[in-house]
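**Student:** Okay, so here is run21.cif, and as you'll see once you scroll down, it has mmCIF, N, CA and C atoms.
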data_entry
#
loop_
_atom_site.group_PDB
_atom_site.id
_atom_site.type_symbol
_atom_site.label_atom_id
_atom_site.label_comp_id
_atom_site.auth_asym_id
_atom_site.auth_seq_id
_atom_site.Cartn_x
_atom_site.Cartn_y
_atom_site.Cartn_z
ATOM 1 N N MET A 25 -74.023 -154.204 -74.136
ATOM 2 C CA MET A 25 -75.264 -154.796 -74.590
ATOM 3 C C MET A 25 -76.214 -153.677 -75.021
ATOM 4 N N ILE A 26 -76.858 -153.883 -76.116
ATOM 5 C CA ILE A 26 -77.776 -152.894 -76.662
ATOM 6 C C ILE A 26 -79.163 -153.119 -76.071
ATOM 7 N N SER A 27 -79.811 -152.038 -75.718
ATOM 8 C CA SER A 27 -81.157 -152.159 -75.165
ATOM 9 C C SER A 27 -82.188 -152.212 -76.287
ATOM 10 N N ARG A 28 -83.372 -152.609 -75.923
ATOM 11 C CA ARG A 28 -84.473 -152.669 -76.887
ATOM 12 C C ARG A 28 -84.783 -151.257 -77.407
ATOM 13 N N ASP A 29 -84.696 -150.261 -76.529
ATOM 14 C CA ASP A 29 -84.951 -148.875 -76.951
ATOM 15 C C ASP A 29 -83.933 -148.413 -77.985
ATOM 16 N N ASP A 30 -82.672 -148.846 -77.846
ATOM 17 C CA ASP A 30 -81.648 -148.504 -78.840
ATOM 18 C C ASP A 30 -82.002 -149.092 -80.208
ATOM 19 N N VAL A 31 -82.477 -150.329 -80.207
ATOM 20 C CA VAL A 31 -82.846 -150.983 -81.462
ATOM 21 C C VAL A 31 -84.039 -150.271 -82.089
ATOM 22 N N VAL A 32 -85.004 -149.881 -81.274
ATOM 23 C CA VAL A 32 -86.170 -149.150 -81.787
ATOM 24 C C VAL A 32 -85.724 -147.836 -82.417
ATOM 25 N N ARG A 33 -84.790 -147.143 -81.768
ATOM 26 C CA ARG A 33 -84.304 -145.858 -82.290
ATOM 27 C C ARG A 33 -83.558 -146.056 -83.610
ATOM 28 N N VAL A 34 -82.679 -147.051 -83.666
ATOM 29 C CA VAL A 34 -81.930 -147.315 -84.902
ATOM 30 C C VAL A 34 -82.884 -147.733 -86.021
ATOM 31 N N ALA A 35 -83.872 -148.547 -85.714
ATOM 32 C CA ALA A 35 -84.843 -148.975 -86.722
ATOM 33 C C ALA A 35 -85.639 -147.776 -87.238
ATOM 34 N N ARG A 36 -85.996 -146.865 -86.340
ATOM 35 C CA ARG A 36 -86.728 -145.671 -86.770
ATOM 36 C C ARG A 36 -85.858 -144.803 -87.667
ATOM 37 N N LEU A 37 -84.580 -144.635 -87.309
ATOM 38 C CA LEU A 37 -83.662 -143.848 -88.136
ATOM 39 C C LEU A 37 -83.457 -144.480 -89.509
ATOM 40 N N ALA A 38 -83.470 -145.811 -89.554
ATOM 41 C CA ALA A 38 -83.301 -146.528 -90.822
ATOM 42 C C ALA A 38 -84.633 -146.716 -91.546
ATOM 43 N N ARG A 39 -85.695 -146.186 -90.953
ATOM 44 C CA ARG A 39 -87.038 -146.287 -91.527
ATOM 45 C C ARG A 39 -87.460 -147.753 -91.734
ATOM 46 N N LEU A 40 -87.205 -148.548 -90.688
ATOM 47 C CA LEU A 40 -87.594 -149.957 -90.700
ATOM 48 C C LEU A 40 -88.756 -150.160 -89.739
ATOM 49 N N ALA A 41 -89.757 -150.854 -90.175
ATOM 50 C CA ALA A 41 -90.874 -151.205 -89.308
ATOM 51 C C ALA A 41 -90.652 -152.643 -88.846
ATOM 52 N N LEU A 42 -90.236 -152.781 -87.597
ATOM 53 C CA LEU A 42 -89.917 -154.108 -87.071
ATOM 54 C C LEU A 42 -90.974 -154.552 -86.066
ATOM 55 N N GLU A 43 -91.321 -155.814 -86.144
ATOM 56 C CA GLU A 43 -92.235 -156.414 -85.176
ATOM 57 C C GLU A 43 -91.462 -156.674 -83.880
ATOM 58 N N SER A 44 -92.177 -157.035 -82.835
ATOM 59 C CA SER A 44 -91.564 -157.268 -81.535
ATOM 60 C C SER A 44 -90.519 -158.381 -81.591
ATOM 61 N N ALA A 45 -90.821 -159.466 -82.275
ATOM 62 C CA ALA A 45 -89.878 -160.588 -82.389
ATOM 63 C C ALA A 45 -88.646 -160.168 -83.196
ATOM 64 N N GLU A 46 -88.863 -159.360 -84.228
ATOM 65 C CA GLU A 46 -87.737 -158.888 -85.048
ATOM 66 C C GLU A 46 -86.830 -157.961 -84.253
ATOM 67 N N LEU A 47 -87.417 -157.171 -83.352
ATOM 68 C CA LEU A 47 -86.609 -156.278 -82.515
ATOM 69 C C LEU A 47 -85.637 -157.083 -81.655
ATOM 70 N N GLU A 48 -86.098 -158.194 -81.127
ATOM 71 C CA GLU A 48 -85.224 -159.029 -80.286
ATOM 72 C C GLU A 48 -84.109 -159.652 -81.116
ATOM 73 N N VAL A 49 -84.438 -160.114 -82.326
ATOM 74 C CA VAL A 49 -83.415 -160.686 -83.209
ATOM 75 C C VAL A 49 -82.374 -159.621 -83.556
ATOM 76 N N MET A 50 -82.834 -158.428 -83.901
ATOM 77 C CA MET A 50 -81.911 -157.341 -84.236
ATOM 78 C C MET A 50 -81.063 -156.952 -83.032
ATOM 79 N N ARG A 51 -81.647 -156.949 -81.832
ATOM 80 C CA ARG A 51 -80.885 -156.617 -80.627
ATOM 81 C C ARG A 51 -79.752 -157.612 -80.425
ATOM 82 N N THR A 52 -80.053 -158.891 -80.621
ATOM 83 C CA THR A 52 -79.034 -159.930 -80.477
ATOM 84 C C THR A 52 -77.948 -159.771 -81.532
ATOM 85 N N GLN A 53 -78.341 -159.526 -82.778
ATOM 86 C CA GLN A 53 -77.367 -159.384 -83.860
ATOM 87 C C GLN A 53 -76.492 -158.143 -83.679
ATOM 88 N N LEU A 54 -77.101 -157.025 -83.320
ATOM 89 C CA LEU A 54 -76.318 -155.795 -83.116
ATOM 90 C C LEU A 54 -75.373 -155.930 -81.926
ATOM 91 N N THR A 55 -75.804 -156.614 -80.886
ATOM 92 C CA THR A 55 -74.920 -156.860 -79.741
ATOM 93 C C THR A 55 -73.716 -157.693 -80.172
ATOM 94 N N GLY A 56 -73.949 -158.704 -81.000
ATOM 95 C CA GLY A 56 -72.852 -159.533 -81.516
ATOM 96 C C GLY A 56 -71.892 -158.735 -82.389
ATOM 97 N N ILE A 57 -72.432 -157.849 -83.219
ATOM 98 C CA ILE A 57 -71.583 -157.021 -84.081
ATOM 99 C C ILE A 57 -70.702 -156.105 -83.241
ATOM 100 N N LEU A 58 -71.289 -155.461 -82.235
ATOM 101 C CA LEU A 58 -70.500 -154.565 -81.378
ATOM 102 C C LEU A 58 -69.465 -155.336 -80.558
ATOM 103 N N ALA A 59 -69.789 -156.557 -80.148
ATOM 104 C CA ALA A 59 -68.815 -157.382 -79.424
ATOM 105 C C ALA A 59 -67.652 -157.727 -80.340
ATOM 106 N N TYR A 60 -67.917 -158.003 -81.607
ATOM 107 C CA TYR A 60 -66.846 -158.316 -82.551
ATOM 108 C C TYR A 60 -65.978 -157.087 -82.801
ATOM 109 N N ILE A 61 -66.586 -155.914 -82.855
ATOM 110 C CA ILE A 61 -65.808 -154.679 -83.023
ATOM 111 C C ILE A 61 -64.881 -154.476 -81.830
ATOM 112 N N ASP A 62 -65.372 -154.773 -80.626
ATOM 113 C CA ASP A 62 -64.509 -154.686 -79.443
ATOM 114 C C ASP A 62 -63.343 -155.657 -79.545
ATOM 115 N N THR A 63 -63.581 -156.858 -80.099
ATOM 116 C CA THR A 63 -62.507 -157.832 -80.298
ATOM 117 C C THR A 63 -61.470 -157.273 -81.271
ATOM 118 N N LEU A 64 -61.919 -156.643 -82.339
ATOM 119 C CA LEU A 64 -60.993 -156.065 -83.313
ATOM 120 C C LEU A 64 -60.194 -154.905 -82.707
ATOM 121 N N ARG A 65 -60.830 -154.132 -81.847
ATOM 122 C CA ARG A 65 -60.119 -153.023 -81.192
ATOM 123 C C ARG A 65 -59.011 -153.522 -80.268
ATOM 124 N N ALA A 66 -59.148 -154.724 -79.761
ATOM 125 C CA ALA A 66 -58.154 -155.279 -78.849
ATOM 126 C C ALA A 66 -56.906 -155.776 -79.582
ATOM 127 N N VAL A 67 -56.946 -155.900 -80.894
ATOM 128 C CA VAL A 67 -55.810 -156.400 -81.663
ATOM 129 C C VAL A 67 -54.719 -155.331 -81.703
ATOM 130 N N ASP A 68 -53.476 -155.753 -81.449
ATOM 131 C CA ASP A 68 -52.342 -154.829 -81.486
ATOM 132 C C ASP A 68 -51.940 -154.588 -82.939
ATOM 133 N N ILE A 69 -52.079 -153.364 -83.398
ATOM 134 C CA ILE A 69 -51.724 -153.017 -84.777
ATOM 135 C C ILE A 69 -50.547 -152.051 -84.828
ATOM 136 N N GLU A 70 -49.813 -151.975 -83.747
ATOM 137 C CA GLU A 70 -48.637 -151.105 -83.701
ATOM 138 C C GLU A 70 -47.618 -151.547 -84.740
ATOM 139 N N GLY A 71 -47.226 -150.628 -85.596
ATOM 140 C CA GLY A 71 -46.227 -150.916 -86.613
ATOM 141 C C GLY A 71 -46.786 -151.513 -87.892
ATOM 142 N N VAL A 72 -48.082 -151.727 -87.970
ATOM 143 C CA VAL A 72 -48.693 -152.282 -89.175
ATOM 144 C C VAL A 72 -49.086 -151.130 -90.091
ATOM 145 N N GLU A 73 -48.575 -151.158 -91.307
ATOM 146 C CA GLU A 73 -48.884 -150.104 -92.262
ATOM 147 C C GLU A 73 -50.307 -150.259 -92.785
ATOM 148 N N PRO A 74 -51.023 -149.148 -92.949
ATOM 149 C CA PRO A 74 -52.354 -149.241 -93.540
ATOM 150 C C PRO A 74 -52.269 -149.706 -94.990
ATOM 151 N N THR A 75 -53.210 -150.522 -95.397
ATOM 152 C CA THR A 75 -53.214 -151.020 -96.773
ATOM 153 C C THR A 75 -54.620 -150.901 -97.361
ATOM 154 N N ALA A 76 -54.679 -150.865 -98.683
ATOM 155 C CA ALA A 76 -55.967 -150.839 -99.367
ATOM 156 C C ALA A 76 -56.447 -152.248 -99.669
ATOM 157 N N HIS A 77 -55.525 -153.220 -99.704
ATOM 158 C CA HIS A 77 -55.866 -154.607 -100.016
ATOM 159 C C HIS A 77 -55.206 -155.526 -98.999
ATOM 160 N N ALA A 78 -55.813 -156.670 -98.812
ATOM 161 C CA ALA A 78 -55.264 -157.641 -97.867
ATOM 162 C C ALA A 78 -53.999 -158.305 -98.402
ATOM 163 N N VAL A 79 -53.888 -158.410 -99.720
ATOM 164 C CA VAL A 79 -52.712 -158.997 -100.353
ATOM 165 C C VAL A 79 -52.131 -157.967 -101.317
ATOM 166 N N PRO A 80 -50.814 -157.980 -101.516
ATOM 167 C CA PRO A 80 -50.234 -156.996 -102.419
ATOM 168 C C PRO A 80 -50.636 -157.254 -103.871
ATOM 169 N N LEU A 81 -51.143 -156.229 -104.519
ATOM 170 C CA LEU A 81 -51.527 -156.316 -105.917
ATOM 171 C C LEU A 81 -50.707 -155.310 -106.704
ATOM 172 N N VAL A 82 -50.141 -155.758 -107.808
ATOM 173 C CA VAL A 82 -49.341 -154.850 -108.627
ATOM 174 C C VAL A 82 -50.215 -154.233 -109.698
ATOM 175 N N ASN A 83 -50.751 -155.041 -110.575
ATOM 176 C CA ASN A 83 -51.616 -154.556 -111.626
ATOM 177 C C ASN A 83 -52.565 -155.684 -112.013
ATOM 178 N N VAL A 84 -53.835 -155.454 -111.822
ATOM 179 C CA VAL A 84 -54.809 -156.490 -112.118
ATOM 180 C C VAL A 84 -55.456 -156.299 -113.487
ATOM 181 N N MET A 85 -55.017 -155.269 -114.205
ATOM 182 C CA MET A 85 -55.590 -155.001 -115.527
ATOM 183 C C MET A 85 -54.795 -155.756 -116.590
ATOM 184 N N ARG A 86 -55.489 -156.212 -117.614
ATOM 185 C CA ARG A 86 -54.814 -156.885 -118.710
ATOM 186 C C ARG A 86 -54.188 -155.844 -119.628
ATOM 187 N N GLU A 87 -53.272 -156.287 -120.444
ATOM 188 C CA GLU A 87 -52.653 -155.400 -121.420
ATOM 189 C C GLU A 87 -53.693 -154.971 -122.454
ATOM 190 N N ASP A 88 -53.590 -153.743 -122.917
ATOM 191 C CA ASP A 88 -54.485 -153.233 -123.942
ATOM 192 C C ASP A 88 -53.901 -153.608 -125.296
ATOM 193 N N VAL A 89 -54.516 -154.587 -125.944
ATOM 194 C CA VAL A 89 -54.009 -155.101 -127.206
ATOM 195 C C VAL A 89 -55.007 -154.778 -128.310
ATOM 196 N N VAL A 90 -54.522 -154.233 -129.400
ATOM 197 C CA VAL A 90 -55.383 -153.937 -130.535
ATOM 198 C C VAL A 90 -55.772 -155.242 -131.218
ATOM 199 N N ALA A 91 -57.063 -155.401 -131.455
ATOM 200 C CA ALA A 91 -57.565 -156.611 -132.114
ATOM 201 C C ALA A 91 -58.538 -156.186 -133.206
ATOM 202 N N PRO A 92 -58.693 -157.001 -134.228
ATOM 203 C CA PRO A 92 -59.638 -156.635 -135.287
ATOM 204 C C PRO A 92 -61.067 -156.615 -134.753
ATOM 205 N N SER A 93 -61.866 -155.688 -135.259
ATOM 206 C CA SER A 93 -63.259 -155.594 -134.841
ATOM 207 C C SER A 93 -64.169 -155.927 -136.018
ATOM 208 N N PHE A 94 -65.463 -155.905 -135.765
ATOM 209 C CA PHE A 94 -66.431 -156.198 -136.816
ATOM 210 C C PHE A 94 -66.436 -155.070 -137.848
ATOM 211 N N ALA A 95 -66.797 -155.412 -139.061
ATOM 212 C CA ALA A 95 -66.919 -154.408 -140.113
ATOM 213 C C ALA A 95 -68.120 -153.515 -139.810
ATOM 214 N N LEU A 96 -68.054 -152.242 -140.229
ATOM 215 C CA LEU A 96 -69.110 -151.291 -139.962
ATOM 216 C C LEU A 96 -70.451 -151.774 -140.509
ATOM 217 N N GLU A 97 -70.467 -152.309 -141.707
ATOM 218 C CA GLU A 97 -71.718 -152.793 -142.302
ATOM 219 C C GLU A 97 -72.333 -153.927 -141.487
ATOM 220 N N ALA A 98 -71.499 -154.807 -140.956
ATOM 221 C CA ALA A 98 -72.005 -155.912 -140.141
ATOM 222 C C ALA A 98 -72.603 -155.386 -138.830
ATOM 223 N N MET A 99 -71.982 -154.367 -138.245
ATOM 224 C CA MET A 99 -72.469 -153.810 -136.982
ATOM 225 C C MET A 99 -73.789 -153.064 -137.165
ATOM 226 N N LEU A 100 -73.949 -152.401 -138.310
ATOM 227 C CA LEU A 100 -75.146 -151.603 -138.544
ATOM 228 C C LEU A 100 -76.218 -152.343 -139.330
ATOM 229 N N ALA A 101 -76.024 -153.620 -139.606
ATOM 230 C CA ALA A 101 -76.954 -154.383 -140.438
ATOM 231 C C ALA A 101 -78.366 -154.413 -139.854
ATOM 232 N N ASN A 102 -78.505 -154.460 -138.535
ATOM 233 C CA ASN A 102 -79.823 -154.552 -137.910
ATOM 234 C C ASN A 102 -80.329 -153.227 -137.360
ATOM 235 N N ALA A 103 -79.629 -152.141 -137.622
ATOM 236 C CA ALA A 103 -80.066 -150.838 -137.131
ATOM 237 C C ALA A 103 -81.343 -150.423 -137.866
ATOM 238 N N PRO A 104 -82.372 -149.994 -137.142
ATOM 239 C CA PRO A 104 -83.638 -149.670 -137.789
ATOM 240 C C PRO A 104 -83.593 -148.397 -138.639
ATOM 241 N N ASP A 105 -82.776 -147.413 -138.253
ATOM 242 C CA ASP A 105 -82.730 -146.143 -138.986
ATOM 243 C C ASP A 105 -81.283 -145.677 -139.055
ATOM 244 N N ARG A 106 -80.696 -145.824 -140.225
ATOM 245 C CA ARG A 106 -79.280 -145.483 -140.393
ATOM 246 C C ARG A 106 -79.137 -144.205 -141.198
ATOM 247 N N VAL A 107 -78.100 -143.442 -140.862
ATOM 248 C CA VAL A 107 -77.713 -142.275 -141.649
ATOM 249 C C VAL A 107 -76.209 -142.392 -141.835
ATOM 250 N N GLY A 108 -75.791 -142.851 -142.967
ATOM 251 C CA GLY A 108 -74.369 -143.076 -143.198
ATOM 252 C C GLY A 108 -73.872 -144.168 -142.272
ATOM 253 N N GLY A 109 -72.835 -143.854 -141.499
ATOM 254 C CA GLY A 109 -72.281 -144.825 -140.553
ATOM 255 C C GLY A 109 -72.838 -144.655 -139.157
ATOM 256 N N LEU A 110 -73.973 -143.948 -139.009
ATOM 257 C CA LEU A 110 -74.557 -143.676 -137.700
ATOM 258 C C LEU A 110 -75.934 -144.299 -137.576
ATOM 259 N N VAL A 111 -76.409 -144.416 -136.349
ATOM 260 C CA VAL A 111 -77.753 -144.902 -136.074
ATOM 261 C C VAL A 111 -78.566 -143.725 -135.566
ATOM 262 N N ARG A 112 -79.701 -143.465 -136.185
ATOM 263 C CA ARG A 112 -80.573 -142.373 -135.751
ATOM 264 C C ARG A 112 -81.503 -142.908 -134.669
ATOM 265 N N VAL A 113 -81.629 -142.135 -133.588
ATOM 266 C CA VAL A 113 -82.496 -142.515 -132.473
ATOM 267 C C VAL A 113 -83.497 -141.393 -132.233
ATOM 268 N N PRO A 114 -84.618 -141.679 -131.587
ATOM 269 C CA PRO A 114 -85.604 -140.642 -131.305
ATOM 270 C C PRO A 114 -85.045 -139.590 -130.353
ATOM 271 N N ARG A 115 -85.437 -138.355 -130.565
ATOM 272 C CA ARG A 115 -85.010 -137.256 -129.685
ATOM 273 C C ARG A 115 -85.708 -137.418 -128.337
ATOM 274 N N ILE A 116 -84.936 -137.262 -127.270
ATOM 275 C CA ILE A 116 -85.524 -137.372 -125.933
ATOM 276 C C ILE A 116 -85.394 -136.072 -125.151
ATOM 277 N N LEU A 117 -84.596 -135.135 -125.645
ATOM 278 C CA LEU A 117 -84.432 -133.846 -124.971
ATOM 279 C C LEU A 117 -85.120 -132.758 -125.772
ATOM 280 N N GLU A 118 -85.694 -131.814 -125.074
ATOM 281 C CA GLU A 118 -86.348 -130.722 -125.747
ATOM 282 C C GLU A 118 -85.348 -129.604 -126.004
ATOM 283 N N ASP A 119 -85.639 -128.773 -127.007
ATOM 284 C CA ASP A 119 -84.763 -127.640 -127.304
ATOM 285 C C ASP A 119 -84.883 -126.568 -126.268
#
Represent the supplied structure as structure tokens.
**Tutor:**
Amino acid sequence: MISRDDVVRVARLARLALESAELEVMRTQLTGILAYIDTLRAVDIEGVEPTAHAVPLVNVMREDVVAPSFALEAMLANAPDRVGGLVRVPRILED
């Protein structure tokens, strides 16, 4: 069980300003979280391989397929300042 002083210390480290009622709520919630961690520690994981995902995933990316794109003139039609096939933008870095 977490004490009120522990919650005050954690709140100070996290730079949280908690009222007295909020401290009690946080104490209850943190106690529940630590109790759940103890439950997870009790689970026998002997022989279980570590995994990055809960279900096996082979490849979640779609195939890269070449498709027609918009014409250059159509893409640059609304550009405010064009130079050839480029769009000129204001300089933001100094020399």
**Student:** Return as a compact mmCIF listing (two decimals) with N, CA and C atoms, keeping the file's coordinate frame the set of residues that the PyMOL selection byres ((chain A and resi 25) around 7) yields on the displayed structure.
**Tutor:**
# COMPACT_ATOMS: atom_id res chain seq x y z
N ILE A 26 -76.86 -153.88 -76.12
CA ILE A 26 -77.78 -152.89 -76.66
C ILE A 26 -79.16 -153.12 -76.07
N SER A 27 -79.81 -152.04 -75.72
CA SER A 27 -81.16 -152.16 -75.17
C SER A 27 -82.19 -152.21 -76.29
N THR A 55 -75.80 -156.61 -80.89
CA THR A 55 -74.92 -156.86 -79.74
C THR A 55 -73.72 -157.69 -80.17
**Student:** Please measure the separation of atom N of Tyr60 in chain A and atom C of Val31 in chain A, giving the value in Å to one decimal.
**Tutor:** 17.9 Å
**Student:** Using the chain letters and numbers from this document, which residues of chain A does DSSP assign to alpha helix (DSSP H), as a PyMOL selection string?
**Tutor:** chain A and resi 28-37+44-65+96-99
**Student:** Could you take the residues named above and write them with N, CA and C atoms, as a short mmCIF file (atom, residue, chain, number, x, y, z; two decimals), in the frame of the given file?
**Tutor:**
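Result saved to part-v5.cif:
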data_model
loop_
_atom_site.label_atom_id
_atom_site.label_comp_id
_atom_site.auth_asym_id
_atom_site.auth_seq_id
_atom_site.Cartn_x
_atom_site.Cartn_y
_atom_site.Cartn_z
N ARG A 28 -83.37 -152.61 -75.92
CA ARG A 28 -84.47 -152.67 -76.89
C ARG A 28 -84.78 -151.26 -77.41
N ASP A 29 -84.70 -150.26 -76.53
CA ASP A 29 -84.95 -148.88 -76.95
C ASP A 29 -83.93 -148.41 -77.98
N ASP A 30 -82.67 -148.85 -77.85
CA ASP A 30 -81.65 -148.50 -78.84
C ASP A 30 -82.00 -149.09 -80.21
N VAL A 31 -82.48 -150.33 -80.21
CA VAL A 31 -82.85 -150.98 -81.46
C VAL A 31 -84.04 -150.27 -82.09
N VAL A 32 -85.00 -149.88 -81.27
CA VAL A 32 -86.17 -149.15 -81.79
C VAL A 32 -85.72 -147.84 -82.42
N ARG A 33 -84.79 -147.14 -81.77
CA ARG A 33 -84.30 -145.86 -82.29
C ARG A 33 -83.56 -146.06 -83.61
N VAL A 34 -82.68 -147.05 -83.67
CA VAL A 34 -81.93 -147.32 -84.90
C VAL A 34 -82.88 -147.73 -86.02
N ALA A 35 -83.87 -148.55 -85.71
CA ALA A 35 -84.84 -148.98 -86.72
C ALA A 35 -85.64 -147.78 -87.24
N ARG A 36 -86.00 -146.86 -86.34
CA ARG A 36 -86.73 -145.67 -86.77
C ARG A 36 -85.86 -144.80 -87.67
N LEU A 37 -84.58 -144.64 -87.31
CA LEU A 37 -83.66 -143.85 -88.14
C LEU A 37 -83.46 -144.48 -89.51
N SER A 44 -92.18 -157.04 -82.84
CA SER A 44 -91.56 -157.27 -81.54
C SER A 44 -90.52 -158.38 -81.59
N ALA A 45 -90.82 -159.47 -82.28
CA ALA A 45 -89.88 -160.59 -82.39
C ALA A 45 -88.65 -160.17 -83.20
N GLU A 46 -88.86 -159.36 -84.23
CA GLU A 46 -87.74 -158.89 -85.05
C GLU A 46 -86.83 -157.96 -84.25
N LEU A 47 -87.42 -157.17 -83.35
CA LEU A 47 -86.61 -156.28 -82.52
C LEU A 47 -85.64 -157.08 -81.66
N GLU A 48 -86.10 -158.19 -81.13
CA GLU A 48 -85.22 -159.03 -80.29
C GLU A 48 -84.11 -159.65 -81.12
N VAL A 49 -84.44 -160.11 -82.33
CA VAL A 49 -83.42 -160.69 -83.21
C VAL A 49 -82.37 -159.62 -83.56
N MET A 50 -82.83 -158.43 -83.90
CA MET A 50 -81.91 -157.34 -84.24
C MET A 50 -81.06 -156.95 -83.03
N ARG A 51 -81.65 -156.95 -81.83
CA ARG A 51 -80.89 -156.62 -80.63
C ARG A 51 -79.75 -157.61 -80.42
N THR A 52 -80.05 -158.89 -80.62
CA THR A 52 -79.03 -159.93 -80.48
C THR A 52 -77.95 -159.77 -81.53
N GLN A 53 -78.34 -159.53 -82.78
CA GLN A 53 -77.37 -159.38 -83.86
C GLN A 53 -76.49 -158.14 -83.68
N LEU A 54 -77.10 -157.02 -83.32
CA LEU A 54 -76.32 -155.79 -83.12
C LEU A 54 -75.37 -155.93 -81.93
N THR A 55 -75.80 -156.61 -80.89
CA THR A 55 -74.92 -156.86 -79.74
C THR A 55 -73.72 -157.69 -80.17
N GLY A 56 -73.95 -158.70 -81.00
CA GLY A 56 -72.85 -159.53 -81.52
C GLY A 56 -71.89 -158.74 -82.39
N ILE A 57 -72.43 -157.85 -83.22
CA ILE A 57 -71.58 -157.02 -84.08
C ILE A 57 -70.70 -156.10 -83.24
N LEU A 58 -71.29 -155.46 -82.24
CA LEU A 58 -70.50 -154.56 -81.38
C LEU A 58 -69.46 -155.34 -80.56
N ALA A 59 -69.79 -156.56 -80.15
CA ALA A 59 -68.82 -157.38 -79.42
C ALA A 59 -67.65 -157.73 -80.34
N TYR A 60 -67.92 -158.00 -81.61
CA TYR A 60 -66.85 -158.32 -82.55
C TYR A 60 -65.98 -157.09 -82.80
N ILE A 61 -66.59 -155.91 -82.86
CA ILE A 61 -65.81 -154.68 -83.02
C ILE A 61 -64.88 -154.48 -81.83
N ASP A 62 -65.37 -154.77 -80.63
CA ASP A 62 -64.51 -154.69 -79.44
C ASP A 62 -63.34 -155.66 -79.54
N THR A 63 -63.58 -156.86 -80.10
CA THR A 63 -62.51 -157.83 -80.30
C THR A 63 -61.47 -157.27 -81.27
N LEU A 64 -61.92 -156.64 -82.34
CA LEU A 64 -60.99 -156.06 -83.31
C LEU A 64 -60.19 -154.90 -82.71
N ARG A 65 -60.83 -154.13 -81.85
CA ARG A 65 -60.12 -153.02 -81.19
C ARG A 65 -59.01 -153.52 -80.27
N LEU A 96 -68.05 -152.24 -140.23
CA LEU A 96 -69.11 -151.29 -139.96
C LEU A 96 -70.45 -151.77 -140.51
N GLU A 97 -70.47 -152.31 -141.71
CA GLU A 97 -71.72 -152.79 -142.30
C GLU A 97 -72.33 -153.93 -141.49
N ALA A 98 -71.50 -154.81 -140.96
CA ALA A 98 -72.00 -155.91 -140.14
C ALA A 98 -72.60 -155.39 -138.83
N MET A 99 -71.98 -154.37 -138.24
CA MET A 99 -72.47 -153.81 -136.98
C MET A 99 -73.79 -153.06 -137.16
#
**Student:** Quick one: distance from CA of Leu58 in chain A to CA of Glu73 in chain A in Å, one decimal?
**Tutor:**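 Taking CA of Leu58 in chain A and CA of Glu73 in chain A, their separation equals 24.6 Å.
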**Student:** Could you tell me how far CA of Ala59 in chain A lies from CA of Ala78 in chain A, in Å and to one decimal?
**Tutor:**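 CA of Ala59 in chain A sits 22.9 Å away from CA of Ala78 in chain A.
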**Student:** With all atoms listed in the file as the basis for distance, which of A:Glu46, A:Ala76, A:Ser93, A:Arg51 is at the shortest distance from Asp30 in chain A?
**Tutor:** A:Arg51
**Student:** Can you tell me, as a list in words, which residues in chain A count as strand (DSSP E) by DSSP?
**Tutor:**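 Reading the DSSP output for chain A, strand (DSSP E) covers Arg106, Val107, Leu110 and Val111 of chain A.
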